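Asks: You'll find target_27.pdb just under this line, and it carries PDB, C-alpha atoms and all ligand atoms.
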```pdb
MODEL        1
ATOM      1  CA  MET T  20       0.000   0.000   0.000  1.00  0.00           C
ATOM      2  CA  LYS T  21       1.381   3.428  -0.938  1.00  0.00           C
ATOM      3  CA  LEU T  22       1.521   6.240   1.558  1.00  0.00           C
ATOM      4  CA  SER T  23      -1.287   8.786   1.193  1.00  0.00           C
ATOM      5  CA  GLU T  24      -0.329  12.201  -0.182  1.00  0.00           C
ATOM      6  CA  LYS T  25      -1.298  13.775   3.119  1.00  0.00           C
ATOM      7  CA  MET T  26       0.859  11.410   5.168  1.00  0.00           C
ATOM      8  CA  ALA T  27       3.822  11.803   2.775  1.00  0.00           C
ATOM      9  CA  GLU T  28       3.555  15.579   2.983  1.00  0.00           C
ATOM     10  CA  ALA T  29       3.406  15.477   6.789  1.00  0.00           C
ATOM     11  CA  ILE T  30       6.479  13.206   6.959  1.00  0.00           C
ATOM     12  CA  ASN T  31       8.344  15.508   4.562  1.00  0.00           C
ATOM     13  CA  LYS T  32       7.612  18.360   6.983  1.00  0.00           C
ATOM     14  CA  GLN T  33       8.886  16.265   9.864  1.00  0.00           C
ATOM     15  CA  ILE T  34      12.107  15.473   7.986  1.00  0.00           C
ATOM     16  CA  ASN T  35      12.642  19.232   7.799  1.00  0.00           C
ATOM     17  CA  GLU T  36      11.932  19.592  11.542  1.00  0.00           C
ATOM     18  CA  GLU T  37      14.493  16.893  12.338  1.00  0.00           C
ATOM     19  CA  PHE T  38      17.122  18.582  10.173  1.00  0.00           C
ATOM     20  CA  TYR T  39      16.269  21.896  11.825  1.00  0.00           C
ATOM     21  CA  SER T  40      16.708  20.209  15.230  1.00  0.00           C
ATOM     22  CA  ALA T  41      20.143  19.035  14.103  1.00  0.00           C
ATOM     23  CA  TYR T  42      20.999  22.569  13.003  1.00  0.00           C
ATOM     24  CA  LEU T  43      19.739  24.079  16.262  1.00  0.00           C
ATOM     25  CA  TYR T  44      21.803  21.665  18.353  1.00  0.00           C
ATOM     26  CA  LEU T  45      24.893  22.339  16.292  1.00  0.00           C
ATOM     27  CA  ALA T  46      24.339  26.078  16.879  1.00  0.00           C
ATOM     28  CA  MET T  47      24.090  25.314  20.606  1.00  0.00           C
ATOM     29  CA  ALA T  48      27.306  23.254  20.387  1.00  0.00           C
ATOM     30  CA  SER T  49      29.043  26.158  18.745  1.00  0.00           C
ATOM     31  CA  TYR T  50      27.883  28.585  21.473  1.00  0.00           C
ATOM     32  CA  LEU T  51      29.002  26.153  24.220  1.00  0.00           C
ATOM     33  CA  GLU T  52      32.342  25.762  22.477  1.00  0.00           C
ATOM     34  CA  SER T  53      32.755  29.564  22.506  1.00  0.00           C
ATOM     35  CA  GLN T  54      32.160  29.460  26.285  1.00  0.00           C
ATOM     36  CA  LYS T  55      34.890  26.806  26.677  1.00  0.00           C
ATOM     37  CA  LEU T  56      32.311  24.274  27.833  1.00  0.00           C
ATOM     38  CA  LYS T  57      33.844  21.511  25.732  1.00  0.00           C
ATOM     39  CA  GLY T  58      32.002  18.587  27.319  1.00  0.00           C
ATOM     40  CA  ALA T  59      28.581  20.190  26.895  1.00  0.00           C
ATOM     41  CA  ALA T  60      29.540  21.145  23.329  1.00  0.00           C
ATOM     42  CA  LYS T  61      30.410  17.511  22.604  1.00  0.00           C
ATOM     43  CA  TRP T  62      27.059  16.397  24.066  1.00  0.00           C
ATOM     44  CA  MET T  63      25.305  18.782  21.678  1.00  0.00           C
ATOM     45  CA  GLU T  64      27.363  17.572  18.703  1.00  0.00           C
ATOM     46  CA  ILE T  65      26.174  14.051  19.448  1.00  0.00           C
ATOM     47  CA  GLN T  66      22.624  15.346  19.730  1.00  0.00           C
ATOM     48  CA  TYR T  67      23.113  16.899  16.286  1.00  0.00           C
ATOM     49  CA  GLN T  68      24.102  13.464  14.922  1.00  0.00           C
ATOM     50  CA  GLU T  69      21.125  11.882  16.594  1.00  0.00           C
ATOM     51  CA  GLU T  70      18.770  14.345  14.877  1.00  0.00           C
ATOM     52  CA  ILE T  71      20.349  13.578  11.509  1.00  0.00           C
ATOM     53  CA  SER T  72      19.703   9.909  12.199  1.00  0.00           C
ATOM     54  CA  HIS T  73      16.043  10.715  12.980  1.00  0.00           C
ATOM     55  CA  ALA T  74      15.688  12.567   9.676  1.00  0.00           C
ATOM     56  CA  MET T  75      17.304   9.633   7.881  1.00  0.00           C
ATOM     57  CA  LYS T  76      14.984   7.149   9.552  1.00  0.00           C
ATOM     58  CA  PHE T  77      11.992   9.013   8.077  1.00  0.00           C
ATOM     59  CA  TYR T  78      13.861   9.357   4.774  1.00  0.00           C
ATOM     60  CA  ALA T  79      14.450   5.585   4.547  1.00  0.00           C
ATOM     61  CA  TYR T  80      10.824   4.901   5.471  1.00  0.00           C
ATOM     62  CA  MET T  81       9.492   7.209   2.756  1.00  0.00           C
ATOM     63  CA  ASN T  82      11.616   5.420   0.177  1.00  0.00           C
ATOM     64  CA  GLU T  83      10.500   2.026   1.430  1.00  0.00           C
ATOM     65  CA  ARG T  84       6.883   3.076   1.016  1.00  0.00           C
ATOM     66  CA  GLY T  85       7.482   4.431  -2.496  1.00  0.00           C
ATOM     67  CA  ALA T  86       6.899   8.069  -1.470  1.00  0.00           C
ATOM     68  CA  ARG T  87       8.982  10.974  -2.740  1.00  0.00           C
ATOM     69  CA  VAL T  88      11.167  12.818  -0.243  1.00  0.00           C
ATOM     70  CA  VAL T  89      11.059  16.548  -0.934  1.00  0.00           C
ATOM     71  CA  LEU T  90      13.618  18.563   1.028  1.00  0.00           C
ATOM     72  CA  LYS T  91      12.622  22.031   2.175  1.00  0.00           C
ATOM     73  CA  ALA T  92      14.740  24.998   3.286  1.00  0.00           C
ATOM     74  CA  ILE T  93      16.114  24.736   6.811  1.00  0.00           C
ATOM     75  CA  LYS T  94      15.544  27.881   8.845  1.00  0.00           C
ATOM     76  CA  GLU T  95      18.386  29.686  10.548  1.00  0.00           C
ATOM     77  CA  PRO T  96      18.776  28.721  14.196  1.00  0.00           C
ATOM     78  CA  GLN T  97      19.392  31.077  17.119  1.00  0.00           C
ATOM     79  CA  LYS T  98      23.065  32.009  17.546  1.00  0.00           C
ATOM     80  CA  GLU T  99      23.495  33.279  21.075  1.00  0.00           C
ATOM     81  CA  TRP T 100      22.417  32.213  24.522  1.00  0.00           C
ATOM     82  CA  ASN T 101      23.199  33.705  27.936  1.00  0.00           C
ATOM     83  CA  SER T 102      24.300  30.564  29.735  1.00  0.00           C
ATOM     84  CA  MET T 103      24.570  26.796  29.601  1.00  0.00           C
ATOM     85  CA  LEU T 104      21.365  26.674  31.626  1.00  0.00           C
ATOM     86  CA  GLU T 105      19.510  28.676  28.998  1.00  0.00           C
ATOM     87  CA  VAL T 106      20.829  26.367  26.251  1.00  0.00           C
ATOM     88  CA  PHE T 107      19.547  23.212  27.921  1.00  0.00           C
ATOM     89  CA  GLU T 108      16.259  24.835  28.923  1.00  0.00           C
ATOM     90  CA  ASP T 109      15.745  25.682  25.251  1.00  0.00           C
ATOM     91  CA  ALA T 110      16.736  22.157  24.205  1.00  0.00           C
ATOM     92  CA  TYR T 111      14.147  20.741  26.617  1.00  0.00           C
ATOM     93  CA  LYS T 112      11.471  23.128  25.283  1.00  0.00           C
ATOM     94  CA  HIS T 113      12.398  22.176  21.742  1.00  0.00           C
ATOM     95  CA  GLU T 114      12.031  18.472  22.513  1.00  0.00           C
ATOM     96  CA  GLN T 115       8.575  19.092  23.993  1.00  0.00           C
ATOM     97  CA  TYR T 116       7.647  20.838  20.738  1.00  0.00           C
ATOM     98  CA  ILE T 117       8.999  17.905  18.681  1.00  0.00           C
ATOM     99  CA  THR T 118       6.991  15.484  20.826  1.00  0.00           C
ATOM    100  CA  SER T 119       3.837  17.454  19.974  1.00  0.00           C
ATOM    101  CA  LEU T 120       4.668  17.129  16.258  1.00  0.00           C
ATOM    102  CA  ILE T 121       5.229  13.372  16.555  1.00  0.00           C
ATOM    103  CA  ASN T 122       1.904  13.066  18.375  1.00  0.00           C
ATOM    104  CA  ASP T 123       0.191  15.015  15.558  1.00  0.00           C
ATOM    105  CA  LEU T 124       1.723  12.618  13.036  1.00  0.00           C
ATOM    106  CA  ALA T 125       0.488   9.640  15.051  1.00  0.00           C
ATOM    107  CA  ASN T 126      -3.014  11.163  15.150  1.00  0.00           C
ATOM    108  CA  LEU T 127      -2.941  11.527  11.375  1.00  0.00           C
ATOM    109  CA  ALA T 128      -1.746   7.933  10.911  1.00  0.00           C
ATOM    110  CA  MET T 129      -4.587   6.767  13.173  1.00  0.00           C
ATOM    111  CA  GLU T 130      -7.139   8.789  11.194  1.00  0.00           C
ATOM    112  CA  GLU T 131      -5.850   7.213   8.018  1.00  0.00           C
ATOM    113  CA  LYS T 132      -5.679   3.725   9.545  1.00  0.00           C
ATOM    114  CA  ASP T 133      -2.065   3.621   8.377  1.00  0.00           C
ATOM    115  CA  HIS T 134      -0.726   0.956  10.708  1.00  0.00           C
ATOM    116  CA  ALA T 135       2.758   0.774   9.182  1.00  0.00           C
ATOM    117  CA  THR T 136       3.359   4.498   9.756  1.00  0.00           C
ATOM    118  CA  LEU T 137       1.925   4.169  13.226  1.00  0.00           C
ATOM    119  CA  ALA T 138       4.447   1.394  13.966  1.00  0.00           C
ATOM    120  CA  LEU T 139       7.296   3.664  12.835  1.00  0.00           C
ATOM    121  CA  LEU T 140       5.910   6.507  14.922  1.00  0.00           C
ATOM    122  CA  GLN T 141       5.767   4.273  17.978  1.00  0.00           C
ATOM    123  CA  TRP T 142       9.578   4.200  17.836  1.00  0.00           C
ATOM    124  CA  PHE T 143       9.626   7.998  17.744  1.00  0.00           C
ATOM    125  CA  ILE T 144       7.085   8.272  20.573  1.00  0.00           C
ATOM    126  CA  ASN T 145       9.403   6.198  22.789  1.00  0.00           C
ATOM    127  CA  GLU T 146      12.427   8.129  21.584  1.00  0.00           C
ATOM    128  CA  GLN T 147      10.778  11.430  22.536  1.00  0.00           C
ATOM    129  CA  VAL T 148      10.259  10.218  26.108  1.00  0.00           C
ATOM    130  CA  GLU T 149      14.017   9.737  26.258  1.00  0.00           C
ATOM    131  CA  GLU T 150      14.813  13.026  24.481  1.00  0.00           C
ATOM    132  CA  GLU T 151      12.719  14.988  26.969  1.00  0.00           C
ATOM    133  CA  ALA T 152      14.105  13.095  29.969  1.00  0.00           C
ATOM    134  CA  ASN T 153      17.728  13.612  28.869  1.00  0.00           C
ATOM    135  CA  THR T 154      17.425  17.360  28.414  1.00  0.00           C
ATOM    136  CA  SER T 155      15.318  17.993  31.515  1.00  0.00           C
ATOM    137  CA  GLU T 156      17.729  15.954  33.667  1.00  0.00           C
ATOM    138  CA  ILE T 157      20.594  18.133  32.481  1.00  0.00           C
ATOM    139  CA  VAL T 158      18.577  21.285  33.316  1.00  0.00           C
ATOM    140  CA  ASP T 159      18.090  19.881  36.835  1.00  0.00           C
ATOM    141  CA  LYS T 160      21.785  19.121  37.191  1.00  0.00           C
ATOM    142  CA  ILE T 161      22.812  22.609  36.055  1.00  0.00           C
ATOM    143  CA  ASN T 162      20.396  24.139  38.541  1.00  0.00           C
ATOM    144  CA  PHE T 163      21.889  21.953  41.209  1.00  0.00           C
ATOM    145  CA  VAL T 164      25.482  23.053  40.652  1.00  0.00           C
ATOM    146  CA  LYS T 165      24.718  26.539  39.302  1.00  0.00           C
ATOM    147  CA  ASP T 166      26.931  28.681  41.501  1.00  0.00           C
ATOM    148  CA  SER T 167      29.730  26.204  41.968  1.00  0.00           C
ATOM    149  CA  PRO T 168      32.492  26.477  39.348  1.00  0.00           C
ATOM    150  CA  ASN T 169      33.772  23.131  40.535  1.00  0.00           C
ATOM    151  CA  GLY T 170      30.367  21.508  40.105  1.00  0.00           C
ATOM    152  CA  LEU T 171      30.017  23.014  36.632  1.00  0.00           C
ATOM    153  CA  TYR T 172      33.445  21.730  35.686  1.00  0.00           C
ATOM    154  CA  MET T 173      32.500  18.205  36.815  1.00  0.00           C
ATOM    155  CA  LEU T 174      29.184  18.370  34.986  1.00  0.00           C
ATOM    156  CA  ASP T 175      30.881  19.541  31.801  1.00  0.00           C
ATOM    157  CA  ARG T 176      33.240  16.576  32.051  1.00  0.00           C
ATOM    158  CA  GLU T 177      30.340  14.202  32.592  1.00  0.00           C
ATOM    159  CA  LEU T 178      28.479  15.555  29.547  1.00  0.00           C
ATOM    160  CA  GLY T 179      31.594  15.030  27.465  1.00  0.00           C
ATOM    161  CA  GLN T 180      31.383  11.276  28.156  1.00  0.00           C
ATOM    162  CA  ARG T 181      28.244  10.863  26.035  1.00  0.00           C
ATOM    163  CA  PRO T 182      28.842   8.038  23.545  1.00  0.00           C
ATOM    164  CA  ALA T 183      28.665   8.819  19.827  1.00  0.00           C
ATOM    165  CA  VAL T 184      25.761   7.804  17.599  1.00  0.00           C
ATOM    166  CA  THR T 185      26.872   4.689  15.730  1.00  0.00           C
ATOM    167  CA  THR T 186      24.376   4.462  12.834  1.00  0.00           C
ATOM    168  CA  THR T 187      23.340   7.025  10.260  1.00  0.00           C
ATOM    169  CA  GLN T 188      19.757   5.851   9.991  1.00  0.00           C
ATOM    170  CA  GLY T 189      18.781   5.532  13.618  1.00  0.00           C
ATOM    171  CA  GLU T 190      18.001   1.831  13.089  1.00  0.00           C
ATOM    172  CA  GLU T 191      19.728   0.377  16.116  1.00  0.00           C
ATOM    173  CA  GLN T 192      19.375   3.232  18.544  1.00  0.00           C
ATOM    174  CA  ALA T 193      17.425   3.068  21.732  1.00  0.00           C
TER     175      ALA T 193
HETATM  176 FE1  LIG T 201      14.413  14.151  16.739  1.00  0.00          FE
HETATM  177  O1  LIG T 201      14.185  14.258  18.555  1.00  0.00           O
HETATM  178 FE2  LIG T 201      15.088  15.666  19.202  1.00  0.00          FE
HETATM  179  O2  LIG T 201      14.349  16.956  18.200  1.00  0.00           O
ENDMDL
END
```
Rewrite the coordinates I just gave you, this time as structure tokens.

Replies:
Amino acid sequence: MKLSEKMAEAINKQINEEFYSAYLYLAMASYLESQKLKGAAKWMEIQYQEEISHAMKFYAYMNERGARVVLKAIKEPQKEWNSMLEVFEDAYKHEQYITSLINDLANLAMEEKDHATLALLQWFINEQVEEEANTSEIVDKINFVKDSPNGLYMLDRELGQRPAVTTTQGEEQA
């Protein structure tokens, strides 16, 4: 069964949102780098890779279902933040927004009784639980150590330990 036009169009939009997420996180990495927060910058670079893998997961699915991927312009992300806390607060907010988009896609797939797309989206629904938890945990940790340079240094080191994304299509990732 081919994907409906409406579903294909909605997934194309989501591919753009995932690439924008990648771009936003790379902009955050670049800001953190400029603040000499190398560990946090590395964490964001890995988040950038993860978003590329999300886009590619949708891309591969569209091709599998015989739908045409149409790439749209990626908007320019924010450049500056005032602190590491602000960066991760924004990342958490952004993930909540992405969750709402994934839920909208799942609603559309349900309306269309498109079970295959719903199965794919189930992966993303679970992934979003993790995406939100990861970013909000970091916000909590920054708040915890906020005024301690030593604590911030330790946290930056911890963030730098995040393992790299190993696939380009998001197939094997939790
Ligand atoms: Fe693709 O999950 Fe974050 O944005």

Asks: By how many Å are atom CA of T:Lys98 and atom CA of T:Ala46 apart?

Replies: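 Answer for the atom CA of T:Lys98 to atom CA of T:Ala46 separation: 6.1 Å.
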
Asks: Please evaluate the PyMOL selection byres (((not hetatm)) within 10 of (chain T and resi 201)) against the structure above and give the resulting residues as an NGL selection string.

Replies: :T and (33-34 or 36-41 or 43-44 or 66-74 or 110-118 or 120-121 or 143-144 or 146-151 or 154)

Asks: What's the 9 Å shell around T:Asn31, counting all atoms listed in the file, without same-chain residues fewer than 5 positions away, as a list in words?

Replies: Met26, Glu36, Phe77, Tyr78, Met81, Arg87, Val88, Val89, Leu90 and Lys91 of chain T

Asks: What's around T:Leu104 at 12 Å? Count all atoms listed in the file, leave out sequence neighbours fewer than 2 positions away in its own chain, and write the answer as a list in words.

Replies: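 The residues that qualify are Met47, Leu51, Leu56, Ala59, Trp100, Asn101, Ser102, Val106, Phe107, Glu108, Asp109, Ala110, Tyr111, Thr154, Ser155, Glu156, Ile157, Val158, Asp159, Lys160, Ile161, Asn162, Phe163, Val164, Lys165, Asp166, Leu171, Leu174 and Asp175 of chain T.
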
Asks: Go through T:Ala60, T:Ala29, T:Met20, T:Ala79 one by one, measure the shortest atom-to-atom distance of each to T:Ala125 using all atoms listed in the file, and give the residue with the smallest value.

Replies: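 Using all atoms listed in the file, T:Ala125 sits closest to T:Ala29.
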
Asks: Any idea what the distance is between atom CA of T:Leu22 and atom CA of T:Asn145?

Replies: 22.6 Å

Asks: Between atom CA of T:Leu139 and atom CA of T:Thr185, what distance in Å does the model show, to one decimal?

Replies: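 These two atoms are separated by 19.8 Å.
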
Asks: Give me, as a list in words, all polymer residues having an atom no more than 9 Å from T:Lys57, counting only C-alpha atoms and skipping those fewer than 5 positions away in the same chain.

Replies: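 The neighbour list is Ala48, Leu51, Glu52, Trp62, Asp175, Arg176, Leu178 and Gly179 of chain T.
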
Asks: Please write the residues from the selection above to a file, keeping C-alpha atoms, as a PDB file, in the frame of the given file.

Replies:
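Produced file again.pdb, reproduced below:
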```
ATOM      1  CA  ALA T  48      27.306  23.254  20.387  1.00  0.00           C
ATOM      2  CA  LEU T  51      29.002  26.153  24.220  1.00  0.00           C
ATOM      3  CA  GLU T  52      32.342  25.762  22.477  1.00  0.00           C
ATOM      4  CA  TRP T  62      27.059  16.397  24.066  1.00  0.00           C
ATOM      5  CA  ASP T 175      30.881  19.541  31.801  1.00  0.00           C
ATOM      6  CA  ARG T 176      33.240  16.576  32.051  1.00  0.00           C
ATOM      7  CA  LEU T 178      28.479  15.555  29.547  1.00  0.00           C
ATOM      8  CA  GLY T 179      31.594  15.030  27.465  1.00  0.00           C
TER       9      GLY T 179
END
```

Asks: Would you mind telling me which residue in T:Gly170, T:Ala27, T:Lys61, T:Pro182 lies nearest to T:Asp133 when using all atoms listed in the file?

Replies: T:Ala27

Asks: Which is closer to T:Ile93 than all the others in T:Lys25, T:Lys55, T:Lys132, T:Lys32, using only C-alpha atoms?

Replies: T:Lys32

Asks: Name the closest residue to T:Met75 among the candidates T:Ala128, T:Ile30, T:Ala92, T:Met103; distances are taken between atoms, counting only C-alpha atoms.

Replies: T:Ile30

Asks: Kindly output stretch 93-104 of chain T as a tab-separated table (two decimals), in the frame of the given file, after building all heavy atoms.

Replies:
```tsv
chain	number	residue	atom	x	y	z
T	93	ILE	N	15.97	24.84	5.35
T	93	ILE	CA	16.11	24.74	6.81
T	93	ILE	C	16.27	26.14	7.37
T	93	ILE	O	17.13	26.90	6.91
T	93	ILE	CB	17.35	23.88	7.18
T	93	ILE	CG1	17.21	22.48	6.55
T	93	ILE	CG2	17.51	23.78	8.70
T	93	ILE	CD1	18.49	21.67	6.61
T	94	LYS	N	15.45	26.50	8.34
T	94	LYS	CA	15.54	27.88	8.85
T	94	LYS	C	16.80	28.08	9.71
T	94	LYS	O	17.36	27.12	10.24
T	94	LYS	CB	14.26	28.31	9.54
T	94	LYS	CG	13.93	27.64	10.82
T	94	LYS	CD	12.70	28.32	11.45
T	94	LYS	CE	12.44	27.77	12.82
T	94	LYS	NZ	11.45	26.73	12.92
T	95	GLU	N	17.17	29.35	9.80
T	95	GLU	CA	18.39	29.69	10.55
T	95	GLU	C	18.13	29.56	12.04
T	95	GLU	O	17.17	30.13	12.55
T	95	GLU	CB	18.78	31.13	10.20
T	95	GLU	CG	20.13	31.51	10.71
T	95	GLU	CD	20.50	32.93	10.27
T	95	GLU	OE1	20.25	33.29	9.10
T	95	GLU	OE2	21.02	33.66	11.12
T	96	PRO	N	19.00	28.84	12.75
T	96	PRO	CA	18.78	28.72	14.20
T	96	PRO	C	19.30	29.93	14.96
T	96	PRO	O	20.09	30.72	14.40
T	96	PRO	CB	19.57	27.46	14.56
T	96	PRO	CG	20.67	27.39	13.56
T	96	PRO	CD	20.17	28.05	12.30
T	97	GLN	N	18.87	30.05	16.20
T	97	GLN	CA	19.39	31.08	17.12
T	97	GLN	C	20.92	30.93	17.23
T	97	GLN	O	21.44	29.82	17.11
T	97	GLN	CB	18.72	30.80	18.47
T	97	GLN	CG	18.99	31.82	19.53
T	97	GLN	CD	18.16	31.52	20.79
T	97	GLN	OE1	17.08	30.93	20.71
T	97	GLN	NE2	18.67	31.94	21.94
T	98	LYS	N	21.60	32.05	17.47
T	98	LYS	CA	23.06	32.01	17.55
T	98	LYS	C	23.61	32.11	18.97
T	98	LYS	O	24.61	31.53	19.31
T	98	LYS	CB	23.67	33.21	16.79
T	98	LYS	CG	23.67	33.10	15.30
T	98	LYS	CD	24.66	34.08	14.69
T	98	LYS	CE	24.11	35.49	14.54
T	98	LYS	NZ	23.09	35.68	13.50
T	99	GLU	N	22.95	32.96	19.75
T	99	GLU	CA	23.50	33.28	21.08
T	99	GLU	C	22.56	32.86	22.19
T	99	GLU	O	21.33	32.93	22.04
T	99	GLU	CB	23.73	34.80	21.20
T	99	GLU	CG	24.72	35.38	20.21
T	99	GLU	CD	26.14	34.86	20.38
T	99	GLU	OE1	26.46	34.32	21.45
T	99	GLU	OE2	26.92	34.99	19.42
T	100	TRP	N	23.16	32.48	23.30
T	100	TRP	CA	22.42	32.21	24.52
T	100	TRP	C	23.15	32.94	25.64
T	100	TRP	O	24.27	33.43	25.42
T	100	TRP	CB	22.36	30.71	24.79
T	100	TRP	CG	21.39	30.00	23.90
T	100	TRP	CD1	20.08	29.72	24.20
T	100	TRP	CD2	21.60	29.51	22.56
T	100	TRP	NE1	19.48	29.08	23.12
T	100	TRP	CE2	20.39	28.95	22.11
T	100	TRP	CE3	22.70	29.48	21.69
T	100	TRP	CZ2	20.24	28.37	20.85
T	100	TRP	CZ3	22.56	28.92	20.43
T	100	TRP	CH2	21.35	28.37	20.02
T	101	ASN	N	22.53	33.00	26.84
T	101	ASN	CA	23.20	33.70	27.94
T	101	ASN	C	23.94	32.79	28.89
T	101	ASN	O	24.73	33.25	29.70
T	101	ASN	CB	22.19	34.55	28.72
T	101	ASN	CG	21.74	35.72	27.87
T	101	ASN	OD1	22.58	36.40	27.27
T	101	ASN	ND2	20.44	35.93	27.77
T	102	SER	N	23.65	31.50	28.81
T	102	SER	CA	24.30	30.56	29.74
T	102	SER	C	24.05	29.14	29.26
T	102	SER	O	23.19	28.89	28.41
T	102	SER	CB	23.70	30.72	31.14
T	102	SER	OG	22.33	30.38	31.10
T	103	MET	N	24.77	28.22	29.87
T	103	MET	CA	24.57	26.80	29.60
T	103	MET	C	23.16	26.39	30.05
T	103	MET	O	22.51	25.57	29.40
T	103	MET	CB	25.63	26.02	30.38
T	103	MET	CG	25.54	24.53	30.27
T	103	MET	SD	27.08	23.87	31.00
T	103	MET	CE	26.60	22.20	31.35
T	104	LEU	N	22.71	26.99	31.15
T	104	LEU	CA	21.36	26.67	31.63
T	104	LEU	C	20.33	27.04	30.57
T	104	LEU	O	19.44	26.25	30.25
T	104	LEU	CB	21.09	27.43	32.94
T	104	LEU	CG	19.67	27.27	33.50
T	104	LEU	CD1	19.39	25.81	33.87
T	104	LEU	CD2	19.45	28.16	34.74
```
